[in-house]
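The file model01.pdb contains PDB, C-alpha atoms, pLDDT in the B column:
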```pdb
ATOM      1  CA  MET A1072    -146.560 135.291  12.476  1.00 81.00           C
ATOM      2  CA  LYS A1073    -143.511 135.108  14.746  1.00 90.00           C
ATOM      3  CA  THR A1074    -143.690 133.256  18.058  1.00 92.00           C
ATOM      4  CA  LYS A1075    -143.568 135.685  20.997  1.00 95.00           C
ATOM      5  CA  VAL A1076    -140.988 134.964  23.703  1.00 96.00           C
ATOM      6  CA  LEU A1077    -140.588 137.063  26.842  1.00 96.00           C
ATOM      7  CA  VAL A1078    -137.129 137.104  28.445  1.00 96.00           C
ATOM      8  CA  VAL A1079    -137.219 137.952  32.172  1.00 95.00           C
ATOM      9  CA  GLU A1080    -133.626 138.679  33.203  1.00 93.00           C
ATOM     10  CA  ASP A1081    -132.071 141.580  35.164  1.00 91.00           C
ATOM     11  CA  ASP A1082    -128.550 141.088  33.777  1.00 91.00           C
ATOM     12  CA  LYS A1083    -128.624 143.235  30.647  1.00 93.00           C
ATOM     13  CA  LEU A1084    -125.687 141.446  29.015  1.00 93.00           C
ATOM     14  CA  VAL A1085    -127.404 138.076  29.402  1.00 92.00           C
ATOM     15  CA  SER A1086    -130.848 139.319  28.364  1.00 93.00           C
ATOM     16  CA  TYR A1087    -129.551 140.988  25.205  1.00 94.00           C
ATOM     17  CA  GLU A1088    -127.442 137.946  24.361  1.00 94.00           C
ATOM     18  CA  ILE A1089    -130.566 135.783  24.549  1.00 95.00           C
ATOM     19  CA  LYS A1090    -132.574 138.351  22.583  1.00 95.00           C
ATOM     20  CA  SER A1091    -129.950 138.368  19.845  1.00 96.00           C
ATOM     21  CA  ILE A1092    -130.037 134.562  19.629  1.00 95.00           C
ATOM     22  CA  LEU A1093    -133.829 134.490  19.445  1.00 96.00           C
ATOM     23  CA  ASP A1094    -134.006 137.369  16.948  1.00 95.00           C
ATOM     24  CA  ASN A1095    -131.630 135.488  14.666  1.00 95.00           C
ATOM     25  CA  ASN A1096    -133.855 132.413  14.901  1.00 93.00           C
ATOM     26  CA  GLY A1097    -137.043 134.211  13.910  1.00 93.00           C
ATOM     27  CA  PHE A1098    -138.721 134.870  17.268  1.00 95.00           C
ATOM     28  CA  ASP A1099    -140.484 138.053  18.385  1.00 96.00           C
ATOM     29  CA  VAL A1100    -138.741 138.964  21.647  1.00 97.00           C
ATOM     30  CA  ASP A1101    -139.367 141.376  24.493  1.00 97.00           C
ATOM     31  CA  ILE A1102    -137.315 141.856  27.662  1.00 97.00           C
ATOM     32  CA  CYS A1103    -138.220 142.761  31.234  1.00 95.00           C
ATOM     33  CA  ASP A1104    -136.336 142.589  34.512  1.00 92.00           C
ATOM     34  CA  SER A1105    -138.840 142.350  37.380  1.00 90.00           C
ATOM     35  CA  TYR A1106    -141.981 140.684  38.686  1.00 86.00           C
ATOM     36  CA  SER A1107    -144.202 143.688  37.978  1.00 89.00           C
ATOM     37  CA  CYS A1108    -142.815 144.145  34.466  1.00 92.00           C
ATOM     38  CA  CYS A1109    -143.401 140.474  33.672  1.00 93.00           C
ATOM     39  CA  ILE A1110    -146.997 140.491  34.909  1.00 90.00           C
ATOM     40  CA  LYS A1111    -147.701 143.634  32.888  1.00 92.00           C
ATOM     41  CA  ASN A1112    -146.233 142.061  29.743  1.00 94.00           C
ATOM     42  CA  LEU A1113    -148.578 139.101  30.049  1.00 93.00           C
ATOM     43  CA  ASP A1114    -151.370 141.470  28.971  1.00 90.00           C
ATOM     44  CA  THR A1115    -149.468 143.852  26.712  1.00 94.00           C
ATOM     45  CA  PHE A1116    -146.964 141.612  24.893  1.00 95.00           C
ATOM     46  CA  LYS A1117    -148.944 138.348  25.297  1.00 93.00           C
ATOM     47  CA  PRO A1118    -145.961 135.942  25.166  1.00 95.00           C
ATOM     48  CA  GLU A1119    -146.359 132.323  24.091  1.00 93.00           C
ATOM     49  CA  LEU A1120    -143.345 131.244  26.147  1.00 95.00           C
ATOM     50  CA  ILE A1121    -141.200 132.809  28.875  1.00 96.00           C
ATOM     51  CA  LEU A1122    -137.493 132.437  29.654  1.00 96.00           C
ATOM     52  CA  LEU A1123    -137.222 133.214  33.340  1.00 94.00           C
ATOM     53  CA  ASP A1124    -134.156 133.861  35.494  1.00 92.00           C
ATOM     54  CA  ILE A1125    -134.508 132.544  39.053  1.00 88.00           C
ATOM     55  CA  ASP A1126    -132.887 135.577  40.707  1.00 84.00           C
ATOM     56  CA  LEU A1127    -133.839 139.068  39.577  1.00 86.00           C
ATOM     57  CA  HIS A1128    -133.401 142.153  41.754  1.00 80.00           C
ATOM     58  CA  LYS A1129    -134.593 140.056  44.689  1.00 77.00           C
ATOM     59  CA  LYS A1130    -133.437 136.537  45.516  1.00 73.00           C
ATOM     60  CA  TYR A1131    -135.816 133.923  44.088  1.00 72.00           C
ATOM     61  CA  GLU A1132    -138.020 136.638  42.536  1.00 80.00           C
ATOM     62  CA  GLY A1133    -138.117 134.523  39.381  1.00 86.00           C
ATOM     63  CA  ILE A1134    -139.503 131.573  41.357  1.00 85.00           C
ATOM     64  CA  GLN A1135    -142.307 133.828  42.587  1.00 84.00           C
ATOM     65  CA  ILE A1136    -143.109 134.612  38.952  1.00 90.00           C
ATOM     66  CA  GLY A1137    -142.980 130.899  38.119  1.00 87.00           C
ATOM     67  CA  SER A1138    -145.442 130.168  40.917  1.00 83.00           C
ATOM     68  CA  TYR A1139    -147.793 132.832  39.569  1.00 85.00           C
ATOM     69  CA  LEU A1140    -147.558 131.497  36.006  1.00 88.00           C
ATOM     70  CA  ASN A1141    -148.206 127.953  37.176  1.00 81.00           C
ATOM     71  CA  SER A1142    -151.323 128.871  39.144  1.00 76.00           C
ATOM     72  CA  LYS A1143    -152.847 131.692  37.099  1.00 79.00           C
ATOM     73  CA  VAL A1144    -151.990 131.413  33.399  1.00 85.00           C
ATOM     74  CA  ASN A1145    -151.342 128.718  30.806  1.00 81.00           C
ATOM     75  CA  ILE A1146    -147.991 129.948  29.491  1.00 91.00           C
ATOM     76  CA  PRO A1147    -145.016 127.545  29.476  1.00 92.00           C
ATOM     77  CA  PHE A1148    -141.799 128.859  31.016  1.00 93.00           C
ATOM     78  CA  ILE A1149    -138.175 127.757  31.177  1.00 94.00           C
ATOM     79  CA  TYR A1150    -135.883 128.696  34.056  1.00 92.00           C
ATOM     80  CA  ILE A1151    -132.399 130.048  33.344  1.00 89.00           C
ATOM     81  CA  THR A1152    -129.985 130.049  36.260  1.00 82.00           C
ATOM     82  CA  GLY A1153    -126.507 129.421  37.538  1.00 79.00           C
ATOM     83  CA  TYR A1154    -127.801 127.478  40.543  1.00 74.00           C
ATOM     84  CA  THR A1155    -127.453 123.684  40.568  1.00 69.00           C
ATOM     85  CA  ASP A1156    -127.763 122.935  44.316  1.00 73.00           C
ATOM     86  CA  VAL A1157    -130.423 120.476  45.483  1.00 75.00           C
ATOM     87  CA  GLU A1158    -132.276 123.013  47.647  1.00 75.00           C
ATOM     88  CA  THR A1159    -132.833 125.386  44.719  1.00 75.00           C
ATOM     89  CA  LEU A1160    -133.808 122.544  42.380  1.00 75.00           C
ATOM     90  CA  LYS A1161    -136.426 121.351  44.862  1.00 74.00           C
ATOM     91  CA  ARG A1162    -137.754 124.887  45.239  1.00 76.00           C
ATOM     92  CA  ILE A1163    -138.236 125.526  41.524  1.00 78.00           C
ATOM     93  CA  GLN A1164    -139.576 122.029  40.910  1.00 78.00           C
ATOM     94  CA  THR A1165    -142.837 122.886  42.677  1.00 75.00           C
ATOM     95  CA  THR A1166    -143.618 125.625  40.125  1.00 83.00           C
ATOM     96  CA  LYS A1167    -143.637 123.123  37.226  1.00 84.00           C
ATOM     97  CA  PRO A1168    -141.399 124.717  34.575  1.00 89.00           C
ATOM     98  CA  VAL A1169    -141.253 123.015  31.177  1.00 87.00           C
ATOM     99  CA  GLY A1170    -137.469 123.196  31.137  1.00 84.00           C
ATOM    100  CA  TYR A1171    -134.293 124.305  32.865  1.00 83.00           C
ATOM    101  CA  LEU A1172    -131.208 125.950  31.353  1.00 87.00           C
ATOM    102  CA  SER A1173    -127.953 126.157  33.302  1.00 84.00           C
ATOM    103  CA  LYS A1174    -125.617 129.105  32.779  1.00 82.00           C
ATOM    104  CA  PRO A1175    -123.486 129.305  30.758  1.00 83.00           C
ATOM    105  CA  PHE A1176    -125.793 128.006  28.039  1.00 84.00           C
ATOM    106  CA  ARG A1177    -125.363 127.317  24.349  1.00 88.00           C
ATOM    107  CA  GLU A1178    -127.509 128.684  21.549  1.00 91.00           C
ATOM    108  CA  ILE A1179    -128.586 125.187  20.542  1.00 89.00           C
ATOM    109  CA  ASP A1180    -129.748 124.465  24.115  1.00 88.00           C
ATOM    110  CA  ILE A1181    -131.954 127.564  24.149  1.00 92.00           C
ATOM    111  CA  ILE A1182    -133.518 126.888  20.750  1.00 91.00           C
ATOM    112  CA  ASN A1183    -134.121 123.176  21.360  1.00 88.00           C
ATOM    113  CA  ASN A1184    -135.706 123.767  24.763  1.00 87.00           C
ATOM    114  CA  ILE A1185    -138.003 126.425  23.298  1.00 90.00           C
ATOM    115  CA  GLU A1186    -138.995 124.321  20.301  1.00 87.00           C
ATOM    116  CA  LEU A1187    -139.718 121.301  22.496  1.00 85.00           C
ATOM    117  CA  ALA A1188    -141.832 123.387  24.892  1.00 86.00           C
ATOM    118  CA  LEU A1189    -143.821 124.925  22.024  1.00 85.00           C
ATOM    119  CA  TYR A1190    -144.313 121.533  20.383  1.00 82.00           C
ATOM    120  CA  ASN A1191    -145.607 120.031  23.629  1.00 81.00           C
ATOM    121  CA  LYS A1192    -147.951 122.978  24.118  1.00 79.00           C
ATOM    122  CA  LYS A1193    -149.365 122.589  20.609  1.00 78.00           C
ATOM    123  CA  ALA A1194    -149.763 118.834  21.073  1.00 75.00           C
ATOM    124  CA  SER A1195    -151.598 119.434  24.339  1.00 72.00           C
ATOM    125  CA  LEU A1196    -153.944 121.950  22.703  1.00 69.00           C
ATOM    126  CA  ASP A1197    -154.594 119.569  19.797  1.00 67.00           C
ATOM    127  CA  ASN A1198    -155.397 116.737  22.194  1.00 67.00           C
ATOM    128  CA  ASN A1199    -157.768 118.960  24.163  1.00 63.00           C
ATOM    129  CA  LYS A1200    -159.505 119.970  20.937  1.00 64.00           C
ATOM    130  CA  LYS A1201    -159.918 116.341  19.885  1.00 60.00           C
ATOM    131  CA  SER A1202    -161.302 115.501  23.310  1.00 57.00           C
ATOM    132  CA  GLU A1203    -163.883 118.248  22.956  1.00 58.00           C
ATOM    133  CA  GLU A1204    -164.851 117.120  19.446  1.00 58.00           C
ATOM    134  CA  GLN A1205    -165.124 113.417  20.220  1.00 55.00           C
ATOM    135  CA  PRO A1206    -166.904 111.731  23.119  1.00 51.00           C
ATOM    136  CA  GLU A1207    -164.348 110.243  25.473  1.00 51.00           C
ATOM    137  CA  GLU A1208    -164.270 106.464  25.514  1.00 54.00           C
ATOM    138  CA  ARG A1209    -164.890 105.254  29.034  1.00 55.00           C
ATOM    139  CA  LYS A1210    -161.877 103.216  30.015  1.00 82.00           C
ATOM    140  CA  TYR A1211    -161.209 104.097  33.630  1.00 92.00           C
ATOM    141  CA  SER A1212    -163.443 104.762  36.588  1.00 94.00           C
ATOM    142  CA  LYS A1213    -163.549 108.380  37.732  1.00 94.00           C
ATOM    143  CA  PRO A1214    -161.332 107.824  40.820  1.00 95.00           C
ATOM    144  CA  ILE A1215    -158.656 106.079  38.727  1.00 96.00           C
ATOM    145  CA  LYS A1216    -158.907 108.736  36.037  1.00 93.00           C
ATOM    146  CA  ARG A1217    -158.348 111.443  38.674  1.00 94.00           C
ATOM    147  CA  ALA A1218    -155.265 109.585  39.891  1.00 95.00           C
ATOM    148  CA  LEU A1219    -153.888 109.244  36.353  1.00 93.00           C
ATOM    149  CA  GLU A1220    -154.483 112.944  35.662  1.00 89.00           C
ATOM    150  CA  TYR A1221    -152.693 113.788  38.916  1.00 91.00           C
ATOM    151  CA  ILE A1222    -149.714 111.665  37.864  1.00 91.00           C
ATOM    152  CA  ASP A1223    -149.605 113.320  34.437  1.00 85.00           C
ATOM    153  CA  THR A1224    -149.742 116.822  35.943  1.00 83.00           C
ATOM    154  CA  ASN A1225    -147.106 116.132  38.606  1.00 85.00           C
ATOM    155  CA  ILE A1226    -144.768 113.814  36.695  1.00 86.00           C
ATOM    156  CA  ASN A1227    -141.857 116.199  37.399  1.00 80.00           C
ATOM    157  CA  GLN A1228    -142.226 115.683  41.149  1.00 84.00           C
ATOM    158  CA  GLU A1229    -141.995 112.835  43.637  1.00 87.00           C
ATOM    159  CA  ILE A1230    -145.468 111.272  43.643  1.00 92.00           C
ATOM    160  CA  LYS A1231    -146.515 109.319  46.720  1.00 91.00           C
ATOM    161  CA  THR A1232    -149.176 106.623  46.681  1.00 93.00           C
ATOM    162  CA  ASP A1233    -150.887 108.221  49.688  1.00 94.00           C
ATOM    163  CA  GLU A1234    -151.519 111.342  47.613  1.00 94.00           C
ATOM    164  CA  LEU A1235    -153.071 109.285  44.814  1.00 96.00           C
ATOM    165  CA  ILE A1236    -155.294 107.580  47.363  1.00 96.00           C
ATOM    166  CA  ARG A1237    -156.427 110.991  48.621  1.00 95.00           C
ATOM    167  CA  VAL A1238    -157.169 112.153  45.075  1.00 94.00           C
ATOM    168  CA  SER A1239    -159.165 109.006  44.305  1.00 95.00           C
ATOM    169  CA  GLY A1240    -161.307 109.223  47.423  1.00 95.00           C
ATOM    170  CA  TRP A1241    -161.061 105.469  47.973  1.00 96.00           C
ATOM    171  CA  SER A1242    -159.524 103.464  50.791  1.00 95.00           C
ATOM    172  CA  LYS A1243    -155.911 102.379  50.364  1.00 93.00           C
ATOM    173  CA  PHE A1244    -156.741  98.701  49.823  1.00 93.00           C
ATOM    174  CA  HIS A1245    -159.552  99.419  47.347  1.00 95.00           C
ATOM    175  CA  PHE A1246    -157.518 101.986  45.380  1.00 95.00           C
ATOM    176  CA  ILE A1247    -154.457  99.755  44.931  1.00 93.00           C
ATOM    177  CA  ARG A1248    -156.623  96.771  43.951  1.00 93.00           C
ATOM    178  CA  GLU A1249    -158.718  98.765  41.449  1.00 94.00           C
ATOM    179  CA  PHE A1250    -155.696 100.599  40.012  1.00 94.00           C
ATOM    180  CA  ALA A1251    -153.962  97.311  39.255  1.00 93.00           C
ATOM    181  CA  LYS A1252    -157.196  95.902  37.823  1.00 93.00           C
ATOM    182  CA  GLU A1253    -157.946  98.864  35.517  1.00 94.00           C
ATOM    183  CA  VAL A1254    -154.427  99.967  34.559  1.00 94.00           C
ATOM    184  CA  GLY A1255    -152.696  96.606  34.604  1.00 92.00           C
ATOM    185  CA  MET A1256    -149.916  97.510  37.026  1.00 92.00           C
ATOM    186  CA  THR A1257    -149.330  99.028  40.455  1.00 93.00           C
ATOM    187  CA  PRO A1258    -149.325 102.811  40.935  1.00 94.00           C
ATOM    188  CA  TYR A1259    -145.586 102.715  41.652  1.00 93.00           C
ATOM    189  CA  GLN A1260    -144.827 100.825  38.433  1.00 93.00           C
ATOM    190  CA  TYR A1261    -147.045 103.108  36.362  1.00 94.00           C
ATOM    191  CA  ILE A1262    -145.341 106.258  37.702  1.00 95.00           C
ATOM    192  CA  PHE A1263    -141.926 104.710  37.163  1.00 95.00           C
ATOM    193  CA  ASP A1264    -142.752 103.717  33.564  1.00 94.00           C
ATOM    194  CA  GLU A1265    -144.126 107.175  32.727  1.00 91.00           C
ATOM    195  CA  LYS A1266    -141.035 108.908  34.098  1.00 93.00           C
ATOM    196  CA  MET A1267    -138.747 106.598  32.147  1.00 94.00           C
ATOM    197  CA  LYS A1268    -140.725 107.104  28.910  1.00 90.00           C
ATOM    198  CA  LEU A1269    -140.344 110.850  29.301  1.00 88.00           C
ATOM    199  CA  ALA A1270    -136.656 110.473  30.165  1.00 90.00           C
ATOM    200  CA  SER A1271    -136.085 108.368  27.025  1.00 90.00           C
ATOM    201  CA  SER A1272    -137.812 110.985  24.879  1.00 84.00           C
ATOM    202  CA  LYS A1273    -135.735 113.800  26.358  1.00 82.00           C
ATOM    203  CA  LEU A1274    -132.486 111.864  25.892  1.00 87.00           C
ATOM    204  CA  LYS A1275    -133.346 111.169  22.252  1.00 81.00           C
ATOM    205  CA  ASN A1276    -134.796 114.525  21.228  1.00 72.00           C
ATOM    206  CA  THR A1277    -133.206 117.273  23.340  1.00 72.00           C
ATOM    207  CA  TYR A1278    -129.766 118.533  24.290  1.00 73.00           C
ATOM    208  CA  GLN A1279    -130.593 118.698  27.993  1.00 78.00           C
ATOM    209  CA  THR A1280    -127.890 117.287  30.233  1.00 86.00           C
ATOM    210  CA  VAL A1281    -128.586 114.136  32.221  1.00 91.00           C
ATOM    211  CA  LYS A1282    -128.630 116.260  35.362  1.00 90.00           C
ATOM    212  CA  GLU A1283    -131.258 118.599  33.907  1.00 85.00           C
ATOM    213  CA  ILE A1284    -133.426 115.665  32.818  1.00 89.00           C
ATOM    214  CA  ALA A1285    -133.104 114.099  36.264  1.00 90.00           C
ATOM    215  CA  PHE A1286    -134.315 117.356  37.822  1.00 86.00           C
ATOM    216  CA  ASP A1287    -137.199 117.666  35.345  1.00 81.00           C
ATOM    217  CA  LEU A1288    -138.443 114.247  36.453  1.00 87.00           C
ATOM    218  CA  GLY A1289    -138.267 114.949  40.170  1.00 86.00           C
ATOM    219  CA  TYR A1290    -134.995 113.207  40.998  1.00 89.00           C
ATOM    220  CA  THR A1291    -132.697 115.029  43.402  1.00 86.00           C
ATOM    221  CA  SER A1292    -129.461 113.382  42.268  1.00 90.00           C
ATOM    222  CA  ASN A1293    -127.845 112.007  39.132  1.00 90.00           C
ATOM    223  CA  SER A1294    -127.144 108.690  40.814  1.00 93.00           C
ATOM    224  CA  SER A1295    -130.767 107.949  41.778  1.00 93.00           C
ATOM    225  CA  PHE A1296    -131.953 108.832  38.268  1.00 94.00           C
ATOM    226  CA  THR A1297    -129.185 106.810  36.612  1.00 94.00           C
ATOM    227  CA  ASN A1298    -129.954 103.759  38.763  1.00 94.00           C
ATOM    228  CA  ALA A1299    -133.647 104.024  37.887  1.00 94.00           C
ATOM    229  CA  PHE A1300    -132.930 104.408  34.179  1.00 95.00           C
ATOM    230  CA  VAL A1301    -130.540 101.436  34.114  1.00 94.00           C
ATOM    231  CA  LYS A1302    -133.214  99.346  35.844  1.00 92.00           C
ATOM    232  CA  HIS A1303    -135.700 100.360  33.149  1.00 93.00           C
ATOM    233  CA  SER A1304    -133.620 100.185  29.974  1.00 92.00           C
ATOM    234  CA  GLY A1305    -130.483  98.237  30.838  1.00 92.00           C
ATOM    235  CA  LEU A1306    -128.375 101.233  29.764  1.00 94.00           C
ATOM    236  CA  SER A1307    -127.089 104.319  31.536  1.00 94.00           C
ATOM    237  CA  PRO A1308    -128.655 107.598  30.341  1.00 94.00           C
ATOM    238  CA  SER A1309    -125.406 108.565  28.582  1.00 93.00           C
ATOM    239  CA  ASN A1310    -125.078 105.236  26.783  1.00 93.00           C
ATOM    240  CA  PHE A1311    -128.772 105.297  25.841  1.00 93.00           C
ATOM    241  CA  ARG A1312    -128.295 108.736  24.267  1.00 90.00           C
ATOM    242  CA  LYS A1313    -125.229 107.554  22.342  1.00 89.00           C
ATOM    243  CA  LYS A1314    -127.125 104.540  21.021  1.00 87.00           C
ATOM    244  CA  TYR A1315    -130.424 106.182  20.071  1.00 81.00           C
ATOM    245  CA  CYS A1316    -129.766 109.908  19.602  1.00 67.00           C
ATOM    246  CA  ARG A1317    -130.518 111.087  16.086  1.00 50.00           C
TER     247      ARG A1317
END
```
Mind converting the file's structure to structure tokens?
Amino acid sequence: MKTKVLVVEDDKLVSYEIKSILDNNGFDVDICDSYSCCIKNLDTFKPELILLDIDLHKKYEGIQIGSYLNSKVNIPFIYITGYTDVETLKRIQTTKPVGYLSKPFREIDIINNIELALYNKKASLDNNKKSEEQPEERKYSKPIKRALEYIDTNINQEIKTDELIRVSGWSKFHFIREFAKEVGMTPYQYIFDEKMKLASSKLKNTYQTVKEIAFDLGYTSNSSFTNAFVKHSGLSPSNFRKKYCR
């Protein structure tokens, strides 16, 4: 059975170009151009993934859809847009897309982003199934586990220690001491390592630009991401990709 992809785009030339690409790669594709049409298609078409333009007939209408998808349904979505300014990137970051495609895009970028998103969704479902089938081994206390789950869910945003403390329900001193004791490192180091692991995976296995990866991980500039990645790996993101890309 073909994978269902919904394209939400009000520019007919762009939407039909994407549809043609996806049709040729074996996907089942439907198109809509508004918030109401998209919400309706969630029930009628039942997409497994959504390609979502930020601006439809109304400015940022796509971000409103992204916010709805993030809070109400478990369907991964990828933004497509011509915007690259920091303000817009911060705005869409809060809706937790699984990817970001800048216009003009290449066919290989679309297909690789979709395949990665679908693979991650399947892996997540498989892990959930295994968790249900097997009793979970107790490794972390409940407060630390809540903090780790919060980090995992919000890895594409800036994560502050104060927020982790709030999630844990402990005092600041007790949380930091217990986190280091149970996890083996400070909250800051753990978040940093997780972001860099994800960055390394994206550099190796996707065609996303360094700027797109930086945005996906909650960085607001190439320079701050590059400095962090060099600190972690000893290589710039571009040189790391050249060395390890398949």
What gap, in Å, lies between CA of Ile1163 (chain A) and CA of Glu1229 (chain A)?
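Straight-line distance from CA of Ile1163 (chain A) to CA of Glu1229 (chain A) works out to 13.4 Å.
Coordinates place CA of Tyr1150 (chain A) at a distance of 10.5 Å from CA of Asn1184 (chain A).
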Discussion item. If the PyMOL selection byres ((chain A and resi 1160) around 10) were run on this exact file, what residues would it hold? Put them as a PyMOL selection string.
Written reply: chain A and resi 1154-1159+1161-1165+1171+1283+1286-1287+1289-1291
* Asked: When distances are computed from only C-alpha atoms, which of A:Met1267, A:Leu1127, A:Ile1284, A:Val1078 shows the smallest separation from Val1301 (chain A)?
  ->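 Smallest separation from Val1301 (chain A) among the options: A:Met1267.
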Result set, the PyMOL selection byres ((chain A and resi 1109-1122) around 7) on current file, as a CSV table (one decimal) with C-alpha atoms, in the coordinates of the input:
```
chain,number,residue,atom,x,y,z
A,1074,THR,CA,-143.7,133.3,18.1
A,1075,LYS,CA,-143.6,135.7,21.0
A,1076,VAL,CA,-141.0,135.0,23.7
A,1077,LEU,CA,-140.6,137.1,26.8
A,1078,VAL,CA,-137.1,137.1,28.4
A,1079,VAL,CA,-137.2,138.0,32.2
A,1103,CYS,CA,-138.2,142.8,31.2
A,1105,SER,CA,-138.8,142.4,37.4
A,1106,TYR,CA,-142.0,140.7,38.7
A,1107,SER,CA,-144.2,143.7,38.0
A,1108,CYS,CA,-142.8,144.1,34.5
A,1123,LEU,CA,-137.2,133.2,33.3
A,1124,ASP,CA,-134.2,133.9,35.5
A,1146,ILE,CA,-148.0,129.9,29.5
A,1147,PRO,CA,-145.0,127.5,29.5
A,1148,PHE,CA,-141.8,128.9,31.0
A,1149,ILE,CA,-138.2,127.8,31.2
A,1150,TYR,CA,-135.9,128.7,34.1
A,1151,ILE,CA,-132.4,130.0,33.3
```
Excluding Lys1073 (chain A) and any residue of its chain fewer than 3 positions from it, enumerate the residues within 9 Å of it, using only C-alpha atoms, and give them as a count of residues only. 3
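The gap separating CA of Phe1296 (chain A) from CA of Pro1308 (chain A) is 8.7 Å, in Å to one decimal.
Between His1303 (chain A) and the residues A:Lys1243, A:Arg1237, A:Lys1266, A:Lys1275, the shortest atom-to-atom distance, using all atoms listed in the file, involves A:Lys1266.
For the file at hand, the PyMOL selection byres ((chain A and resi 1259) around 10) resolves to Ile1230, Lys1231, Thr1232, Ile1247, Met1256, Thr1257, Pro1258, Gln1260, Tyr1261, Ile1262, Phe1263 and Asp1264 of chain A.
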For region 1208-1222 of chain A: contacts at 7 Å, only C-alpha atoms, fewer than 6 positions along chain excluded, given as an MDAnalysis selection string
chainID A and resid 1235 1238:1240 1250 1253 1262
Residue with the minimum atom-to-atom distance to Ile1185 (chain A), picked from A:Gln1279, A:Ser1138, A:Asn1225, A:Ser1242 with all atoms listed in the file counted, is A:Gln1279
Worksheet entry | Option closest in space to Asp1094 (chain A), from A:Ala1194, A:Ile1182, A:Val1144, A:Val1254 [counting all atoms listed in the file] |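 Result for the nearest residue to Asp1094 (chain A): A:Ile1182.
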query = Which residue, A:Leu1187, A:Ile1226, A:Met1072, A:Leu1140, has the smallest gap to Asn1276 (chain A) when you use only C-alpha atoms?
reply =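 Counting only C-alpha atoms, the residue closest to Asn1276 (chain A) is A:Leu1187.
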With distances taken over all atoms listed in the file, the candidate from A:Thr1280, A:Val1169, A:Asp1101, A:Asn1183 nearest Gly1137 (chain A) is A:Val1169
Do a neighbour search on Glu1178 (chain A) at 9 Å with only C-alpha atoms, toss out local chain neighbours closer than 6 positions, and write the hits as an NGL selection string. :A and (1089 or 1092-1093)
Inset, instruction - Find the residues with any atom within 10 Å of (-129.3, 106.2, 31.9); use all atoms listed in the file and the coordinates as given in the file, and write the answer as number ranges by chain. - result: A: 1267, 1270-1271, 1274, 1281, 1285, 1293-1294, 1296-1312
The selected residues should be written to file as a compact mmCIF listing (two decimals), keeping the file's coordinate frame (atoms: C-alpha atoms).
```txt
# COMPACT_ATOMS: atom_id res chain seq x y z
CA MET A 1267 -138.75 106.60 32.15
CA ALA A 1270 -136.66 110.47 30.16
CA SER A 1271 -136.08 108.37 27.02
CA LEU A 1274 -132.49 111.86 25.89
CA VAL A 1281 -128.59 114.14 32.22
CA ALA A 1285 -133.10 114.10 36.26
CA ASN A 1293 -127.84 112.01 39.13
CA SER A 1294 -127.14 108.69 40.81
CA PHE A 1296 -131.95 108.83 38.27
CA THR A 1297 -129.18 106.81 36.61
CA ASN A 1298 -129.95 103.76 38.76
CA ALA A 1299 -133.65 104.02 37.89
CA PHE A 1300 -132.93 104.41 34.18
CA VAL A 1301 -130.54 101.44 34.11
CA LYS A 1302 -133.21 99.35 35.84
CA HIS A 1303 -135.70 100.36 33.15
CA SER A 1304 -133.62 100.18 29.97
CA GLY A 1305 -130.48 98.24 30.84
CA LEU A 1306 -128.38 101.23 29.76
CA SER A 1307 -127.09 104.32 31.54
CA PRO A 1308 -128.66 107.60 30.34
CA SER A 1309 -125.41 108.56 28.58
CA ASN A 1310 -125.08 105.24 26.78
CA PHE A 1311 -128.77 105.30 25.84
CA ARG A 1312 -128.29 108.74 24.27
```
